[in-house]
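Report on one structure; see the data block that follows.
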Amino acid sequence: MAGECVQFLGFWASPSALRVVWALKLKGIDYEHIEEDLLNKSPLLLKYNPVHKKVPVLVHNGKPVAESLIIVEYIDEVWKQNPLLPQDPYERAKARFWVKFADEKVVPDMVSTFMKTGEEKEKAAKAARECLKTLESGLEEGKQFFGGEAIGFVDIAVGWIGIWARIVEKLKDVSLVDEETMPLLHAWLQNFLEVPIIKECIPPWDKLLQHNKGYLVKLTPDST
Amino acid sequence: MAEEVKLFGIRGSPFSHRIEIALKLKGVSYEYIEEDLQNKSPLLLKYNPVHKKIPVLLHNGKPIAESIVILEYIEETWKTNPILPADPYERAIARFWAKFLDDKCMLAAWNACWAKEKEREKAMEEASEGLKTLEGELKDKKFFGGDKVGMVDIVATFIAFWLTAVQEVVGADLLTPEKFPILFKWSEDLVGCPIIKENLPPRDLLTANFRARLESSK
């Protein structure tokens, strides 16, 4: 559309920012990427997200939208090509339900797994696996994605959880997205991360591992 | 078309209240089913197996859970008296504030009221920050939805009614006309709206529940 100005304030390692990038790419939207330094937030970020001062923020023709899932819904409503949410209100409600579940239940358990050690870590990982198993029930057997035949809202929202699960698995030596107990979810994650448009937005694995390792070091200052 | 709409709720819950208001605003007939959280019905467990919580809306046999998800569903299904703006940007802003209310304000306000002595000051400060931010958003509007009650107002009813009831019981002074004049006025206007007023649980029910909770925490 002529005269459109889309700016995206993000941070390369931010999971929620990645959701918005995926949505923008899937819709083929031209945008200006503004990389934020979270240790030195720009006046622009503070201006466009005064309440939370966080990325991601989408600025469309000068008007800012914050909160990754709200941004994705906004993108879906403004740019109609490649719909991300289903048309049917009940299917939309199911999609929103799963996304909320993932953020409010799966993520905190995964964070605990990441932050804890020993027995507490194992306990958190078990809780995370239970939540992931529940999340799996949102996947319809025979369908490639949560969105059905095409990538949808839930895939975008949950996708980074899958990436992060792999990072946590590697750094903390736990199993999260377990192939045996969650075959559908496991298969979905494999598929999703290989889709070219998704794959090319994911930061390099070693960079992500390094970045997240950095948090572990901060958590355990006495470790070598 | 024969619609079948059922709502599983709890009388004193701000979450099931939200759904009742939205249904009433849109003139949707529904059957209300009161749940007992100490003894959850097989139907509730069937319709919300993931969380086993109220509210759950059942529309022609299909269950929807999570209050804001239900509100959006109601908005998309019954078009009378919209509770969200038509413009996508305004809609995104409304969603932002609904999320802010649930994620930040509600918990912070609740914590501030029930905090132990030594944590109270910090909790009150955090809760006050949330209310201040809300007041900033309200500015000179009558409601968050503008001239009419919208989804944000519906979600924020816990501040207008539940918080004021808790405050009274625990002796906290979080929302006062002196501290937050705009928000306070809004809360009075909201609770004064016929459709809200007629559908609020009795205040005594709330204060009795809160008093019981206060006693048991001693």
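We label chains A, B, ... in the order they appear in the structure tokens, count residues from 1 in each chain, and number ligands from 1 in the order shown.
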**OP:** Using only C-alpha atoms, find the residues of chain A whose closest atom to chain B is at most 10 Å away, then write them as a ChimeraX atom specification.
**Re:** /A:50-52,60,63-67,69-78,88-97,100-101,131,134-135,137
**OP:** For range 161-168 of chain A, please output as a PyMOL selection string all residues within 7 Å (counting only C-alpha atoms; exclusion window: fewer than 6 positions along the same chain).
**Re:** chain A and resi 114+176-177+189+209
Could you save those same residues with N, CA, C and O atoms as an mmCIF file, in the first residue's frame?
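Saved as result_2.cif:
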```cif
data_model
loop_
_atom_site.group_PDB
_atom_site.id
_atom_site.type_symbol
_atom_site.label_atom_id
_atom_site.label_comp_id
_atom_site.auth_asym_id
_atom_site.auth_seq_id
_atom_site.Cartn_x
_atom_site.Cartn_y
_atom_site.Cartn_z
ATOM 1 N N PHE A 114 15.178 -23.765 33.496
ATOM 2 C CA PHE A 114 16.396 -23.072 33.086
ATOM 3 C C PHE A 114 17.164 -22.538 34.290
ATOM 4 O O PHE A 114 18.387 -22.589 34.357
ATOM 5 N N LEU A 176 12.662 -31.903 27.209
ATOM 6 C CA LEU A 176 11.415 -31.135 27.303
ATOM 7 C C LEU A 176 10.428 -31.602 26.237
ATOM 8 O O LEU A 176 9.420 -32.213 26.529
ATOM 9 N N VAL A 177 10.752 -31.303 24.964
ATOM 10 C CA VAL A 177 9.866 -31.763 23.887
ATOM 11 C C VAL A 177 10.305 -33.176 23.536
ATOM 12 O O VAL A 177 11.109 -33.402 22.634
ATOM 13 N N LEU A 189 7.416 -29.412 15.835
ATOM 14 C CA LEU A 189 8.568 -28.530 16.038
ATOM 15 C C LEU A 189 9.602 -28.739 14.940
ATOM 16 O O LEU A 189 10.129 -27.777 14.374
ATOM 17 N N LEU A 209 22.734 -19.918 21.833
ATOM 18 C CA LEU A 209 23.231 -20.722 22.959
ATOM 19 C C LEU A 209 24.145 -19.876 23.837
ATOM 20 O O LEU A 209 24.026 -19.882 25.052
#
```
Subject >> Shell of 8 Å around range 198-211 of chain B, only C-alpha atoms, local chain residues under 3 positions omitted, as number ranges by chain >> reply: B: 11-12, 17, 20-21, 162, 165-166, 168-170, 194-195, 214-215
Subject >> All alpha helix (DSSP H) residues (DSSP, backbone) inside range 119-224 of chain A, as a VMD selection string >> reply: chain A and resid 119 to 136 153 to 172 183 to 194 196 to 199 205 to 219
Original post:
Which residues, written as a list of chain:residue names, have at least one atom at most 6 Å from range 2-11 of chain A, with only C-alpha atoms counted and residues fewer than 6 positions away on the same chain left out?
Top reply: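 Contacts, with the query itself left out: A:Ala17, A:Tyr31, A:Glu32, A:His33, A:Ile34, A:Glu35, A:Glu36, A:Val55, A:Pro56, A:Val57, A:Leu58, A:Val59, A:His60, A:Asn61.
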Original post:
Which parts of range 14-222 of chain A does DSSP call strand (DSSP E or B) when run on the backbone here, written out as a list in words?
Top reply: Glu32, His33, Ile34, Glu35, Val57, Leu58, Val59, His60, Lys63, Pro64, Val65, Ala66, Phe145 and Gly148 of chain A
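Closest to Glu35 in chain B among B:Lys139, B:Lys53, B:Lys104, B:Lys132 is B:Lys53, based on only C-alpha atoms.
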Subject >> Residues within 7 Å of Ile54 in chain B, only C-alpha atoms, excluding chain neighbours under 4 positions, as a ChimeraX atom specification >> reply: /B:8-9,16
C-alpha atoms of the current selection, written as a PDB file, in the first residue's frame:
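As written to disk, selection_29.pdb reads:
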```pdb
ATOM      1  CA  PHE B   8     -20.547 -21.707  34.128  1.00  0.00           C
ATOM      2  CA  GLY B   9     -19.579 -19.202  36.806  1.00  0.00           C
ATOM      3  CA  SER B  16     -17.584 -14.742  35.421  1.00  0.00           C
TER       4      SER B  16
END
```
Subject >> Separation of CA of Gly146 in chain B from CA of Leu7 in chain B, in Å and rounded to one decimal >> reply: 27.7 Å
Original post:
Out of A:Glu136, A:Glu149, A:Glu169, A:Pro203, which residue has the shortest atom-to-atom distance to Val111 in chain A when counting only C-alpha atoms?
Top reply: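 When distances to Val111 in chain A are compared using only C-alpha atoms, the smallest one comes from A:Glu169.
For the choices A:Leu216, A:Val154, A:Asp173, A:Tyr48, the atom-to-atom distance to Trp98 in chain A is smallest for A:Val154 when using only C-alpha atoms.
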Subject >> Proximity to Lys133 in chain A - best of A:Pro183, A:Pro86, A:Pro108, A:Gly148, only C-alpha atoms >> reply: A:Pro183
Original post:
Can you tell me how far CA of Gln81 in chain A sits from CA of Lys27 in chain A, in Å to one decimal?
Top reply: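 We find that CA of Gln81 in chain A and CA of Lys27 in chain A lie 6.2 Å from each other.
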Subject >> One-decimal distance in Å that lies between CA of Val5 in chain B and CA of Leu58 in chain B >> reply: 5.6 Å
